[in-house]
Amino acid sequence: MAETTTIECRPFLADAQKVSLRAGALVELSGELLTIRDATARRLFELQNTGAPLPVDFRGRVLYAVGPSPAKPGQVIGSAGPTTIERFTKYLPMLFEAGVSAVIGKGELHGPIVDSFRQAGALYFAAIGGLGALLGKRVTAADVVAFSELGPEAIFRLQVERFPSVLIIDAAGANYHDTARNAWRA
Amino acid sequence: MEMGTNRFTHFRIRQEITYDPAMATASAVRDIDVTAIAEAVERLLIESNYRIPPDILDALRAAAVREQSPLGRRTLEQLIENYEVAAAEQLPVCQDSGVTVVMLEVGQDVHWIGGSLRDAIFAGIRAGTLHGYLRPSVVGDPIARRTMSSDPVGVIHIDLVTGSGVKLTVASKGFGAENMSALRMFTPADGIDAVKAFVVDTVDRAGANACPPVVVGVGIGGTFEMAALLAKRAALRPIDRRNPQSAVAAHELDLLQRINGLGIGPQGFGGVVTALAVNIEVYPTHIAGLPAAVNLACHSNRRITTEL
């Protein structure tokens, strides 16, 4: 199995690393993420459509699709694993237009949305769904930066250390889920 | 004409057999305060979110040995660690504590006192969510996407059975897997082969989105809604026991083998472990129909059962 590549986004990914990483790469990411959820994405989409300014500057930022559970006393955040990225297909082109450089979620992306990634030079990393307790421990700081009224669906700014994921869609548009299925199909 | 007579006679006899007058007087009415249900729901909801069922954890441990794909195996090992840490530190295994599904088997001699049973169940879910530090994941109005404090916070299924006992199952149904579930009304001409192709195709289309390795719950028969409920019950049935009908059990094992040949693997990272089990539940249906539903459960399959 491949070695794990350490990558940083404080808060931006290095362009050289973005283009050198290949689909299937195991990565551990340290730095700053912004969270997104269904209600958040919809809210941003509506703002964008009416020409209103977005509440956060997304240029160069890495988004993490997550709605964390509440922090217990003494915790930074509760469980914080990824949610299904496919539900954001409608909103991703708009987010790329706003400057988003990569997204972290779980599950598969196929069809025209993969072209949107390639055109934007954006990456898709999959974290492990159902790893919430462990992934919450990789978050070292969390604060709400927009839409606090949405509760767990607010936009959080997360500081993460060595957050594990797998690069699924690379800058060339290769899709690791396709490769993996084909390799292991009986 | 003779056929009709025979059928009628058969029907009458079955009624006589299933009605046992001794049963009607066997048990006295039992009062149960609904507060007991609220407390049990709260406790079980928290416990099921911190500790996954032992049969599921055992199956994941076995799968981590069986998985051939290195990334798939590493993924399973991380999931097992997640479940061990969550149980030891009393943390939700997943941030998606899902929609709480409460299934009750209530003896017909039970008399609920102290308030509304439905309200008590919802109160238990609210308390468990709050005290267990679980994420409130339910939106009150599915269309307007708004929530009022009085909105229901879970789904309740009640089955009336004989006696005066109560069997309570609390399940947390995350929507990664729920969203990928499907139902189709087949015809008798389609037959079981078409149903099985539909099951395999549903898992294939769900891919990594359903958080594999999944538990595949299949409901065959009944009516439109009954097939879905059967599939839910199948998904929540322990995975270390097969359907008692040997023909159905054979379909379970055949489907499991076909699904694990899809190549999806843990989290879609490739491998030979896409499902931990296929559970099928069946029920009589119409002479013109063959309803089939597939309810997928993620690898945490949080559910817990107790008796009151």
# chains A, B, ... in the order shown; residues from 1 in each chain; ligands from 1

$ select_by_dssp --residues "region 32-126 of chain A" --states "strand (DSSP E)" --output "VMD selection string"
chain A and resid 32 to 36 62 to 65 102 to 105 123 to 126

$ closest_atom_pairs --of "chain B" --to "chain A" --cutoff "9 Å" --atoms "only C-alpha atoms" --output "Markdown table"
| residue | atom | partner | partner_atom | distance |
| --- | --- | --- | --- | --- |
| B:Ser69 | CA | A:Trp184 | CA | 8.0 |
| B:Pro70 | CA | A:Met1 | CA | 6.1 |
| B:Leu71 | CA | A:Met1 | CA | 6.9 |
| B:Thr75 | CA | A:Ile128 | CA | 7.4 |
| B:Gln78 | CA | A:Leu131 | CA | 7.5 |
| B:Leu79 | CA | A:Leu131 | CA | 6.0 |
| B:Glu81 | CA | A:Leu134 | CA | 8.1 |
| B:Asn82 | CA | A:Leu134 | CA | 5.6 |
| B:Tyr83 | CA | A:Ala133 | CA | 8.0 |
| B:Val85 | CA | A:Ala133 | CA | 7.3 |
| B:Ala86 | CA | A:Ala133 | CA | 5.9 |
| B:Leu91 | CA | A:Ala133 | CA | 6.3 |
| B:Pro92 | CA | A:Ser79 | CA | 6.2 |
| B:Val93 | CA | A:Ala133 | CA | 5.4 |
| B:Cys94 | CA | A:Gly132 | CA | 4.4 |
| B:Gln95 | CA | A:Ser79 | CA | 4.8 |
| B:Asp96 | CA | A:Ser69 | CA | 7.5 |
| B:Ser97 | CA | A:Ser69 | CA | 8.4 |
| B:Gly132 | CA | A:Lys72 | CA | 8.7 |
| B:Tyr133 | CA | A:Pro70 | CA | 5.5 |
| B:Leu134 | CA | A:Ser69 | CA | 5.6 |
| B:Arg135 | CA | A:Ser69 | CA | 4.4 |
| B:Pro136 | CA | A:Ser69 | CA | 8.0 |
| B:Ser137 | CA | A:Pro152 | CA | 8.7 |
| B:Arg145 | CA | A:Ala39 | CA | 8.6 |
| B:Gly176 | CA | A:Thr84 | CA | 6.3 |
| B:Ala206 | CA | A:Glu108 | CA | 8.7 |
| B:Gly207 | CA | A:Glu108 | CA | 7.0 |
| B:Ala208 | CA | A:Gly107 | CA | 4.5 |
| B:Asn209 | CA | A:Gly107 | CA | 4.1 |
| B:Ala210 | CA | A:Gly107 | CA | 7.6 |
| B:Cys211 | CA | A:Gly129 | CA | 5.9 |
| B:Pro212 | CA | A:Gly129 | CA | 8.7 |
| B:Arg258 | CA | A:Ala186 | CA | 8.7 |
| B:Asn260 | CA | A:Ala186 | CA | 8.3 |
| B:Gly261 | CA | A:Ala186 | CA | 4.7 |
| B:Leu262 | CA | A:Arg185 | CA | 4.9 |
| B:Gly263 | CA | A:Arg185 | CA | 3.9 |
| B:Ile264 | CA | A:Arg181 | CA | 5.1 |
| B:Gly265 | CA | A:Arg181 | CA | 7.7 |
| B:Gln267 | CA | A:Ile128 | CA | 6.6 |
| B:Gly268 | CA | A:His177 | CA | 6.1 |
| B:Phe269 | CA | A:Ala180 | CA | 5.7 |
| B:Gly270 | CA | A:Ala180 | CA | 4.4 |
| B:Gly271 | CA | A:Trp184 | CA | 5.4 |
| B:Val272 | CA | A:Trp184 | CA | 6.9 |
| B:Cys298 | CA | A:Gly130 | CA | 8.2 |
| B:His299 | CA | A:Gly130 | CA | 7.6 |
| B:Ser300 | CA | A:Gly130 | CA | 7.1 |

$ atom_distance --atom1 "CA of Glu42 (chain B)" --atom2 "CA of Glu84 (chain B)"
21.8 Å

$ select_by_dssp --residues "region 81-251 of chain B" --states "helix (DSSP H, G or I)" --output "PDB file with C-alpha atoms, in the first residue's frame"
ATOM      1  CA  GLU B  81     -10.667   1.267  16.307  1.00  0.00           C
ATOM      2  CA  ASN B  82     -13.318   3.982  15.976  1.00  0.00           C
ATOM      3  CA  TYR B  83     -15.920   1.681  17.531  1.00  0.00           C
ATOM      4  CA  GLU B  84     -13.609   0.632  20.356  1.00  0.00           C
ATOM      5  CA  VAL B  85     -12.657   4.225  21.173  1.00  0.00           C
ATOM      6  CA  ALA B  86     -16.286   5.404  20.989  1.00  0.00           C
ATOM      7  CA  ALA B  87     -17.402   2.682  23.407  1.00  0.00           C
ATOM      8  CA  ALA B  88     -14.512   3.290  25.822  1.00  0.00           C
ATOM      9  CA  GLU B  89     -14.858   7.087  25.840  1.00  0.00           C
ATOM     10  CA  LEU B 117     -47.220   6.708  24.534  1.00  0.00           C
ATOM     11  CA  ARG B 118     -46.246   8.558  21.366  1.00  0.00           C
ATOM     12  CA  ASP B 119     -45.319  11.729  23.270  1.00  0.00           C
ATOM     13  CA  ALA B 120     -43.300   9.660  25.766  1.00  0.00           C
ATOM     14  CA  ILE B 121     -41.303   8.064  22.953  1.00  0.00           C
ATOM     15  CA  PHE B 122     -40.549  11.465  21.414  1.00  0.00           C
ATOM     16  CA  ALA B 123     -39.619  12.832  24.856  1.00  0.00           C
ATOM     17  CA  GLY B 124     -37.201   9.920  25.267  1.00  0.00           C
ATOM     18  CA  ILE B 125     -35.610  10.643  21.897  1.00  0.00           C
ATOM     19  CA  ARG B 126     -35.257  14.355  22.725  1.00  0.00           C
ATOM     20  CA  ALA B 127     -33.707  13.579  26.111  1.00  0.00           C
ATOM     21  CA  GLY B 128     -31.331  10.988  24.658  1.00  0.00           C
ATOM     22  CA  THR B 129     -30.223  13.358  21.917  1.00  0.00           C
ATOM     23  CA  LEU B 130     -29.572  16.148  24.435  1.00  0.00           C
ATOM     24  CA  HIS B 131     -27.968  14.122  27.234  1.00  0.00           C
ATOM     25  CA  PHE B 175     -29.146   8.750   5.936  1.00  0.00           C
ATOM     26  CA  GLY B 176     -26.032   7.922   3.939  1.00  0.00           C
ATOM     27  CA  ALA B 177     -27.423   4.406   3.618  1.00  0.00           C
ATOM     28  CA  GLU B 178     -31.115   5.279   3.944  1.00  0.00           C
ATOM     29  CA  GLY B 191     -39.867 -13.846 -10.260  1.00  0.00           C
ATOM     30  CA  ILE B 192     -37.136 -14.099  -7.660  1.00  0.00           C
ATOM     31  CA  ASP B 193     -34.313 -13.744 -10.205  1.00  0.00           C
ATOM     32  CA  ALA B 194     -35.478 -10.225 -11.096  1.00  0.00           C
ATOM     33  CA  VAL B 195     -35.800  -9.358  -7.410  1.00  0.00           C
ATOM     34  CA  LYS B 196     -32.263 -10.551  -6.748  1.00  0.00           C
ATOM     35  CA  ALA B 197     -30.878  -8.587  -9.710  1.00  0.00           C
ATOM     36  CA  PHE B 198     -32.624  -5.509  -8.247  1.00  0.00           C
ATOM     37  CA  VAL B 199     -31.003  -6.098  -4.840  1.00  0.00           C
ATOM     38  CA  VAL B 200     -27.519  -6.410  -6.355  1.00  0.00           C
ATOM     39  CA  ASP B 201     -28.103  -3.371  -8.578  1.00  0.00           C
ATOM     40  CA  THR B 202     -29.277  -1.283  -5.621  1.00  0.00           C
ATOM     41  CA  VAL B 203     -26.072  -2.041  -3.700  1.00  0.00           C
ATOM     42  CA  ASP B 204     -24.004  -1.403  -6.836  1.00  0.00           C
ATOM     43  CA  ARG B 205     -25.613   2.002  -7.434  1.00  0.00           C
ATOM     44  CA  ALA B 206     -25.276   2.907  -3.753  1.00  0.00           C
ATOM     45  CA  GLY B 207     -21.561   2.211  -3.929  1.00  0.00           C
ATOM     46  CA  ALA B 208     -19.528   4.089  -1.373  1.00  0.00           C
ATOM     47  CA  ASN B 209     -22.412   6.434  -0.521  1.00  0.00           C
ATOM     48  CA  ALA B 210     -24.100   3.870   1.723  1.00  0.00           C
ATOM     49  CA  PHE B 224     -46.120  -1.438  -1.055  1.00  0.00           C
ATOM     50  CA  GLU B 225     -45.598  -0.217   2.532  1.00  0.00           C
ATOM     51  CA  MET B 226     -45.237  -3.701   4.017  1.00  0.00           C
ATOM     52  CA  ALA B 227     -42.305  -4.499   1.727  1.00  0.00           C
ATOM     53  CA  ALA B 228     -40.493  -1.392   2.993  1.00  0.00           C
ATOM     54  CA  LEU B 229     -41.196  -2.279   6.617  1.00  0.00           C
ATOM     55  CA  LEU B 230     -40.026  -5.861   6.044  1.00  0.00           C
ATOM     56  CA  ALA B 231     -36.810  -4.494   4.546  1.00  0.00           C
ATOM     57  CA  LYS B 232     -36.287  -2.277   7.595  1.00  0.00           C
ATOM     58  CA  ARG B 233     -36.884  -5.227   9.943  1.00  0.00           C
ATOM     59  CA  ALA B 234     -34.490  -7.312   7.872  1.00  0.00           C
ATOM     60  CA  ALA B 235     -31.808  -4.608   8.051  1.00  0.00           C
ATOM     61  CA  LEU B 236     -32.199  -4.520  11.842  1.00  0.00           C
ATOM     62  CA  SER B 246     -33.936 -22.687   4.150  1.00  0.00           C
ATOM     63  CA  ALA B 247     -34.893 -21.548   0.625  1.00  0.00           C
ATOM     64  CA  VAL B 248     -34.834 -17.914   1.745  1.00  0.00           C
ATOM     65  CA  ALA B 249     -31.574 -18.435   3.629  1.00  0.00           C
ATOM     66  CA  ALA B 250     -30.035 -19.792   0.417  1.00  0.00           C
ATOM     67  CA  HIS B 251     -31.037 -16.592  -1.396  1.00  0.00           C
TER      68      HIS B 251
END

$ closest_residue --among "B:Thr223, B:Arg74, B:Ile37, B:Val139" --to "Ser165 (chain A)" --atoms "only C-alpha atoms"
B:Arg74

$ atom_distance --atom1 "CA of Ala41 (chain A)" --atom2 "CA of Leu13 (chain A)"
21.9 Å

$ residues_around --residues "Gly114 (chain B)" --least-positions-apart "3" --cutoff "8 Å" --atoms "only C-alpha atoms" --output "ChimeraX atom specification"
/B:33-35

$ atom_distance --atom1 "CA of Ala23 (chain A)" --atom2 "CA of Ala297 (chain B)"
27.6 Å

$ residues_around --residues "Ala171 (chain A)" --least-positions-apart "6" --cutoff "12 Å" --atoms "only C-alpha atoms" --output "number ranges by chain"
A: 15-23, 101-102, 114-125

$ write_last_selection --atoms "N, CA and C atoms" --output "PDB file, in the first residue's frame"
ATOM      1  N   ASP A  15      -0.030  24.737  -4.836  1.00  0.00           N
ATOM      2  CA  ASP A  15      -0.380  24.357  -6.212  1.00  0.00           C
ATOM      3  C   ASP A  15       0.442  23.172  -6.698  1.00  0.00           C
ATOM      4  N   ALA A  16       1.738  23.165  -6.363  1.00  0.00           N
ATOM      5  CA  ALA A  16       2.613  22.083  -6.824  1.00  0.00           C
ATOM      6  C   ALA A  16       2.108  20.742  -6.303  1.00  0.00           C
ATOM      7  N   GLN A  17       1.674  20.722  -5.039  1.00  0.00           N
ATOM      8  CA  GLN A  17       1.184  19.485  -4.442  1.00  0.00           C
ATOM      9  C   GLN A  17      -0.164  19.083  -5.047  1.00  0.00           C
ATOM     10  N   LYS A  18      -0.982  20.093  -5.331  1.00  0.00           N
ATOM     11  CA  LYS A  18      -2.291  19.812  -5.913  1.00  0.00           C
ATOM     12  C   LYS A  18      -2.170  19.038  -7.222  1.00  0.00           C
ATOM     13  N   VAL A  19      -1.217  19.431  -8.052  1.00  0.00           N
ATOM     14  CA  VAL A  19      -1.112  18.764  -9.354  1.00  0.00           C
ATOM     15  C   VAL A  19      -0.279  17.484  -9.296  1.00  0.00           C
ATOM     16  N   SER A  20       0.525  17.332  -8.246  1.00  0.00           N
ATOM     17  CA  SER A  20       1.373  16.130  -8.195  1.00  0.00           C
ATOM     18  C   SER A  20       0.663  14.947  -7.539  1.00  0.00           C
ATOM     19  N   LEU A  21      -0.337  15.210  -6.712  1.00  0.00           N
ATOM     20  CA  LEU A  21      -1.045  14.106  -6.054  1.00  0.00           C
ATOM     21  C   LEU A  21      -1.885  13.340  -7.062  1.00  0.00           C
ATOM     22  N   ARG A  22      -1.834  12.022  -6.958  1.00  0.00           N
ATOM     23  CA  ARG A  22      -2.592  11.178  -7.881  1.00  0.00           C
ATOM     24  C   ARG A  22      -3.768  10.516  -7.158  1.00  0.00           C
ATOM     25  N   ALA A  23      -4.844  10.292  -7.918  1.00  0.00           N
ATOM     26  CA  ALA A  23      -6.017   9.608  -7.364  1.00  0.00           C
ATOM     27  C   ALA A  23      -5.581   8.309  -6.697  1.00  0.00           C
ATOM     28  N   SER A 101     -10.966  25.210  -3.702  1.00  0.00           N
ATOM     29  CA  SER A 101      -9.917  24.464  -4.399  1.00  0.00           C
ATOM     30  C   SER A 101      -9.993  22.960  -4.168  1.00  0.00           C
ATOM     31  N   ALA A 102     -10.672  22.543  -3.097  1.00  0.00           N
ATOM     32  CA  ALA A 102     -10.794  21.108  -2.822  1.00  0.00           C
ATOM     33  C   ALA A 102     -11.941  20.874  -1.858  1.00  0.00           C
ATOM     34  N   VAL A 114     -17.612  15.444 -12.473  1.00  0.00           N
ATOM     35  CA  VAL A 114     -16.165  15.194 -12.502  1.00  0.00           C
ATOM     36  C   VAL A 114     -15.482  16.183 -13.456  1.00  0.00           C
ATOM     37  N   ASP A 115     -16.177  16.531 -14.557  1.00  0.00           N
ATOM     38  CA  ASP A 115     -15.643  17.546 -15.486  1.00  0.00           C
ATOM     39  C   ASP A 115     -15.532  18.902 -14.795  1.00  0.00           C
ATOM     40  N   SER A 116     -16.513  19.209 -13.940  1.00  0.00           N
ATOM     41  CA  SER A 116     -16.467  20.486 -13.205  1.00  0.00           C
ATOM     42  C   SER A 116     -15.218  20.541 -12.327  1.00  0.00           C
ATOM     43  N   PHE A 117     -14.882  19.408 -11.708  1.00  0.00           N
ATOM     44  CA  PHE A 117     -13.662  19.350 -10.897  1.00  0.00           C
ATOM     45  C   PHE A 117     -12.442  19.627 -11.774  1.00  0.00           C
ATOM     46  N   ARG A 118     -12.391  18.945 -12.932  1.00  0.00           N
ATOM     47  CA  ARG A 118     -11.205  19.080 -13.781  1.00  0.00           C
ATOM     48  C   ARG A 118     -11.060  20.509 -14.291  1.00  0.00           C
ATOM     49  N   GLN A 119     -12.180  21.078 -14.711  1.00  0.00           N
ATOM     50  CA  GLN A 119     -12.131  22.455 -15.224  1.00  0.00           C
ATOM     51  C   GLN A 119     -11.660  23.429 -14.148  1.00  0.00           C
ATOM     52  N   ALA A 120     -12.071  23.164 -12.892  1.00  0.00           N
ATOM     53  CA  ALA A 120     -11.686  24.068 -11.799  1.00  0.00           C
ATOM     54  C   ALA A 120     -10.312  23.703 -11.235  1.00  0.00           C
ATOM     55  N   GLY A 121      -9.779  22.551 -11.653  1.00  0.00           N
ATOM     56  CA  GLY A 121      -8.532  22.068 -11.066  1.00  0.00           C
ATOM     57  C   GLY A 121      -8.723  21.701  -9.602  1.00  0.00           C
ATOM     58  N   ALA A 122      -9.951  21.353  -9.248  1.00  0.00           N
ATOM     59  CA  ALA A 122     -10.269  21.067  -7.837  1.00  0.00           C
ATOM     60  C   ALA A 122     -10.089  19.583  -7.528  1.00  0.00           C
ATOM     61  N   LEU A 123      -9.838  19.292  -6.262  1.00  0.00           N
ATOM     62  CA  LEU A 123      -9.620  17.920  -5.814  1.00  0.00           C
ATOM     63  C   LEU A 123     -10.779  17.457  -4.944  1.00  0.00           C
ATOM     64  N   TYR A 124     -11.006  16.123  -4.970  1.00  0.00           N
ATOM     65  CA  TYR A 124     -11.976  15.535  -4.039  1.00  0.00           C
ATOM     66  C   TYR A 124     -11.273  14.467  -3.192  1.00  0.00           C
ATOM     67  N   PHE A 125     -11.287  14.694  -1.887  1.00  0.00           N
ATOM     68  CA  PHE A 125     -10.741  13.741  -0.934  1.00  0.00           C
ATOM     69  C   PHE A 125     -11.895  13.037  -0.223  1.00  0.00           C
TER      70      PHE A 125
END

$ residues_around --residues "Leu290 (chain B)" --least-positions-apart "4" --cutoff "9 Å" --atoms "only C-alpha atoms" --output "list of chain:residue names"
B:Arg184, B:Met185, B:Phe186, B:Thr187, B:Pro188, B:Ala189, B:Asp190, B:Gly191, B:Ile192, B:Val195, B:Ile220, B:Gly221, B:Gly222, B:Thr223, B:Thr285, B:His286

$ write_last_selection --atoms "C-alpha atoms" --output "PDB file, in the first residue's frame"
ATOM      1  CA  ARG B 184     -39.952  -1.821  -6.698  1.00  0.00           C
ATOM      2  CA  MET B 185     -43.226  -3.560  -7.498  1.00  0.00           C
ATOM      3  CA  PHE B 186     -42.336  -6.672  -9.488  1.00  0.00           C
ATOM      4  CA  THR B 187     -44.836  -9.080 -11.065  1.00  0.00           C
ATOM      5  CA  PRO B 188     -45.082 -12.822 -10.495  1.00  0.00           C
ATOM      6  CA  ALA B 189     -43.665 -13.286 -14.025  1.00  0.00           C
ATOM      7  CA  ASP B 190     -40.522 -11.356 -13.039  1.00  0.00           C
ATOM      8  CA  GLY B 191     -39.867 -13.846 -10.260  1.00  0.00           C
ATOM      9  CA  ILE B 192     -37.136 -14.099  -7.660  1.00  0.00           C
ATOM     10  CA  VAL B 195     -35.800  -9.358  -7.410  1.00  0.00           C
ATOM     11  CA  ILE B 220     -40.249  -9.414  -0.258  1.00  0.00           C
ATOM     12  CA  GLY B 221     -44.048  -9.619  -0.380  1.00  0.00           C
ATOM     13  CA  GLY B 222     -46.873  -7.890   1.426  1.00  0.00           C
ATOM     14  CA  THR B 223     -48.013  -4.586  -0.021  1.00  0.00           C
ATOM     15  CA  THR B 285     -48.632 -11.028  -1.040  1.00  0.00           C
ATOM     16  CA  HIS B 286     -51.275 -10.592  -3.747  1.00  0.00           C
TER      17      HIS B 286
END

$ residues_around --residues "Phe88 (chain A)" --least-positions-apart "5" --cutoff "9 Å" --atoms "only C-alpha atoms" --output "ChimeraX atom specification"
/A:37-38,41,65

$ write_last_selection --atoms "N, CA and C atoms" --output "PDB file, in the first residue's frame"
ATOM      1  N   ARG A  37     -22.704  22.014   4.624  1.00  0.00           N
ATOM      2  CA  ARG A  37     -23.792  21.053   4.781  1.00  0.00           C
ATOM      3  C   ARG A  37     -24.885  21.400   3.769  1.00  0.00           C
ATOM      4  N   ASP A  38     -25.923  20.571   3.702  1.00  0.00           N
ATOM      5  CA  ASP A  38     -27.019  20.798   2.755  1.00  0.00           C
ATOM      6  C   ASP A  38     -27.631  22.192   2.899  1.00  0.00           C
ATOM      7  N   ALA A  41     -25.124  24.999   1.921  1.00  0.00           N
ATOM      8  CA  ALA A  41     -24.885  25.083   0.477  1.00  0.00           C
ATOM      9  C   ALA A  41     -26.074  25.749  -0.204  1.00  0.00           C
ATOM     10  N   ALA A  65     -17.320  18.544   4.050  1.00  0.00           N
ATOM     11  CA  ALA A  65     -18.760  18.301   4.181  1.00  0.00           C
ATOM     12  C   ALA A  65     -19.012  17.526   5.473  1.00  0.00           C
TER      13      ALA A  65
END

$ decode --residues "region 80-150 of chain B" --atoms "C-alpha atoms" --output "PDB file, in the first residue's frame"
ATOM      1  CA  ILE B  80     -12.951  -1.142  14.450  1.00  0.00           C
ATOM      2  CA  GLU B  81     -10.667   1.267  16.307  1.00  0.00           C
ATOM      3  CA  ASN B  82     -13.318   3.982  15.976  1.00  0.00           C
ATOM      4  CA  TYR B  83     -15.920   1.681  17.531  1.00  0.00           C
ATOM      5  CA  GLU B  84     -13.609   0.632  20.356  1.00  0.00           C
ATOM      6  CA  VAL B  85     -12.657   4.225  21.173  1.00  0.00           C
ATOM      7  CA  ALA B  86     -16.286   5.404  20.989  1.00  0.00           C
ATOM      8  CA  ALA B  87     -17.402   2.682  23.407  1.00  0.00           C
ATOM      9  CA  ALA B  88     -14.512   3.290  25.822  1.00  0.00           C
ATOM     10  CA  GLU B  89     -14.858   7.087  25.840  1.00  0.00           C
ATOM     11  CA  GLN B  90     -18.661   7.216  25.507  1.00  0.00           C
ATOM     12  CA  LEU B  91     -18.696   9.107  22.201  1.00  0.00           C
ATOM     13  CA  PRO B  92     -21.168   8.881  19.333  1.00  0.00           C
ATOM     14  CA  VAL B  93     -19.655   6.456  16.800  1.00  0.00           C
ATOM     15  CA  CYS B  94     -20.847   8.763  14.028  1.00  0.00           C
ATOM     16  CA  GLN B  95     -21.939  12.400  13.941  1.00  0.00           C
ATOM     17  CA  ASP B  96     -25.043  11.260  12.059  1.00  0.00           C
ATOM     18  CA  SER B  97     -27.145   9.831  14.860  1.00  0.00           C
ATOM     19  CA  GLY B  98     -29.818   9.579  12.204  1.00  0.00           C
ATOM     20  CA  VAL B  99     -33.558   9.346  12.476  1.00  0.00           C
ATOM     21  CA  THR B 100     -34.492   7.342  15.545  1.00  0.00           C
ATOM     22  CA  VAL B 101     -36.671   4.402  14.567  1.00  0.00           C
ATOM     23  CA  VAL B 102     -38.586   2.911  17.485  1.00  0.00           C
ATOM     24  CA  MET B 103     -40.182  -0.478  17.004  1.00  0.00           C
ATOM     25  CA  LEU B 104     -42.541  -1.739  19.668  1.00  0.00           C
ATOM     26  CA  GLU B 105     -44.118  -5.142  20.047  1.00  0.00           C
ATOM     27  CA  VAL B 106     -46.880  -4.527  22.522  1.00  0.00           C
ATOM     28  CA  GLY B 107     -48.916  -7.247  24.177  1.00  0.00           C
ATOM     29  CA  GLN B 108     -52.640  -6.676  23.699  1.00  0.00           C
ATOM     30  CA  ASP B 109     -53.154  -6.885  27.460  1.00  0.00           C
ATOM     31  CA  VAL B 110     -50.942  -3.855  28.116  1.00  0.00           C
ATOM     32  CA  HIS B 111     -52.675  -0.711  29.275  1.00  0.00           C
ATOM     33  CA  TRP B 112     -50.603   2.456  28.985  1.00  0.00           C
ATOM     34  CA  ILE B 113     -51.025   4.971  31.792  1.00  0.00           C
ATOM     35  CA  GLY B 114     -49.466   8.317  32.680  1.00  0.00           C
ATOM     36  CA  GLY B 115     -49.890  10.064  29.333  1.00  0.00           C
ATOM     37  CA  SER B 116     -49.451   9.608  25.617  1.00  0.00           C
ATOM     38  CA  LEU B 117     -47.220   6.708  24.534  1.00  0.00           C
ATOM     39  CA  ARG B 118     -46.246   8.558  21.366  1.00  0.00           C
ATOM     40  CA  ASP B 119     -45.319  11.729  23.270  1.00  0.00           C
ATOM     41  CA  ALA B 120     -43.300   9.660  25.766  1.00  0.00           C
ATOM     42  CA  ILE B 121     -41.303   8.064  22.953  1.00  0.00           C
ATOM     43  CA  PHE B 122     -40.549  11.465  21.414  1.00  0.00           C
ATOM     44  CA  ALA B 123     -39.619  12.832  24.856  1.00  0.00           C
ATOM     45  CA  GLY B 124     -37.201   9.920  25.267  1.00  0.00           C
ATOM     46  CA  ILE B 125     -35.610  10.643  21.897  1.00  0.00           C
ATOM     47  CA  ARG B 126     -35.257  14.355  22.725  1.00  0.00           C
ATOM     48  CA  ALA B 127     -33.707  13.579  26.111  1.00  0.00           C
ATOM     49  CA  GLY B 128     -31.331  10.988  24.658  1.00  0.00           C
ATOM     50  CA  THR B 129     -30.223  13.358  21.917  1.00  0.00           C
ATOM     51  CA  LEU B 130     -29.572  16.148  24.435  1.00  0.00           C
ATOM     52  CA  HIS B 131     -27.968  14.122  27.234  1.00  0.00           C
ATOM     53  CA  GLY B 132     -26.000  11.884  24.868  1.00  0.00           C
ATOM     54  CA  TYR B 133     -24.526  14.842  22.968  1.00  0.00           C
ATOM     55  CA  LEU B 134     -26.059  13.485  19.782  1.00  0.00           C
ATOM     56  CA  ARG B 135     -26.613  15.707  16.778  1.00  0.00           C
ATOM     57  CA  PRO B 136     -30.267  16.652  16.258  1.00  0.00           C
ATOM     58  CA  SER B 137     -30.571  15.383  12.697  1.00  0.00           C
ATOM     59  CA  VAL B 138     -34.306  15.656  12.059  1.00  0.00           C
ATOM     60  CA  VAL B 139     -36.006  18.561  10.286  1.00  0.00           C
ATOM     61  CA  GLY B 140     -39.640  19.042  11.321  1.00  0.00           C
ATOM     62  CA  ASP B 141     -41.086  20.114   7.989  1.00  0.00           C
ATOM     63  CA  PRO B 142     -39.591  18.111   5.114  1.00  0.00           C
ATOM     64  CA  ILE B 143     -40.726  20.621   2.485  1.00  0.00           C
ATOM     65  CA  ALA B 144     -40.073  23.988   4.133  1.00  0.00           C
ATOM     66  CA  ARG B 145     -37.040  22.506   5.966  1.00  0.00           C
ATOM     67  CA  ARG B 146     -38.075  24.174   9.243  1.00  0.00           C
ATOM     68  CA  THR B 147     -38.433  22.670  12.708  1.00  0.00           C
ATOM     69  CA  MET B 148     -40.899  23.481  15.480  1.00  0.00           C
ATOM     70  CA  SER B 149     -40.287  22.237  19.007  1.00  0.00           C
ATOM     71  CA  SER B 150     -43.505  20.185  18.896  1.00  0.00           C
TER      72      SER B 150
END
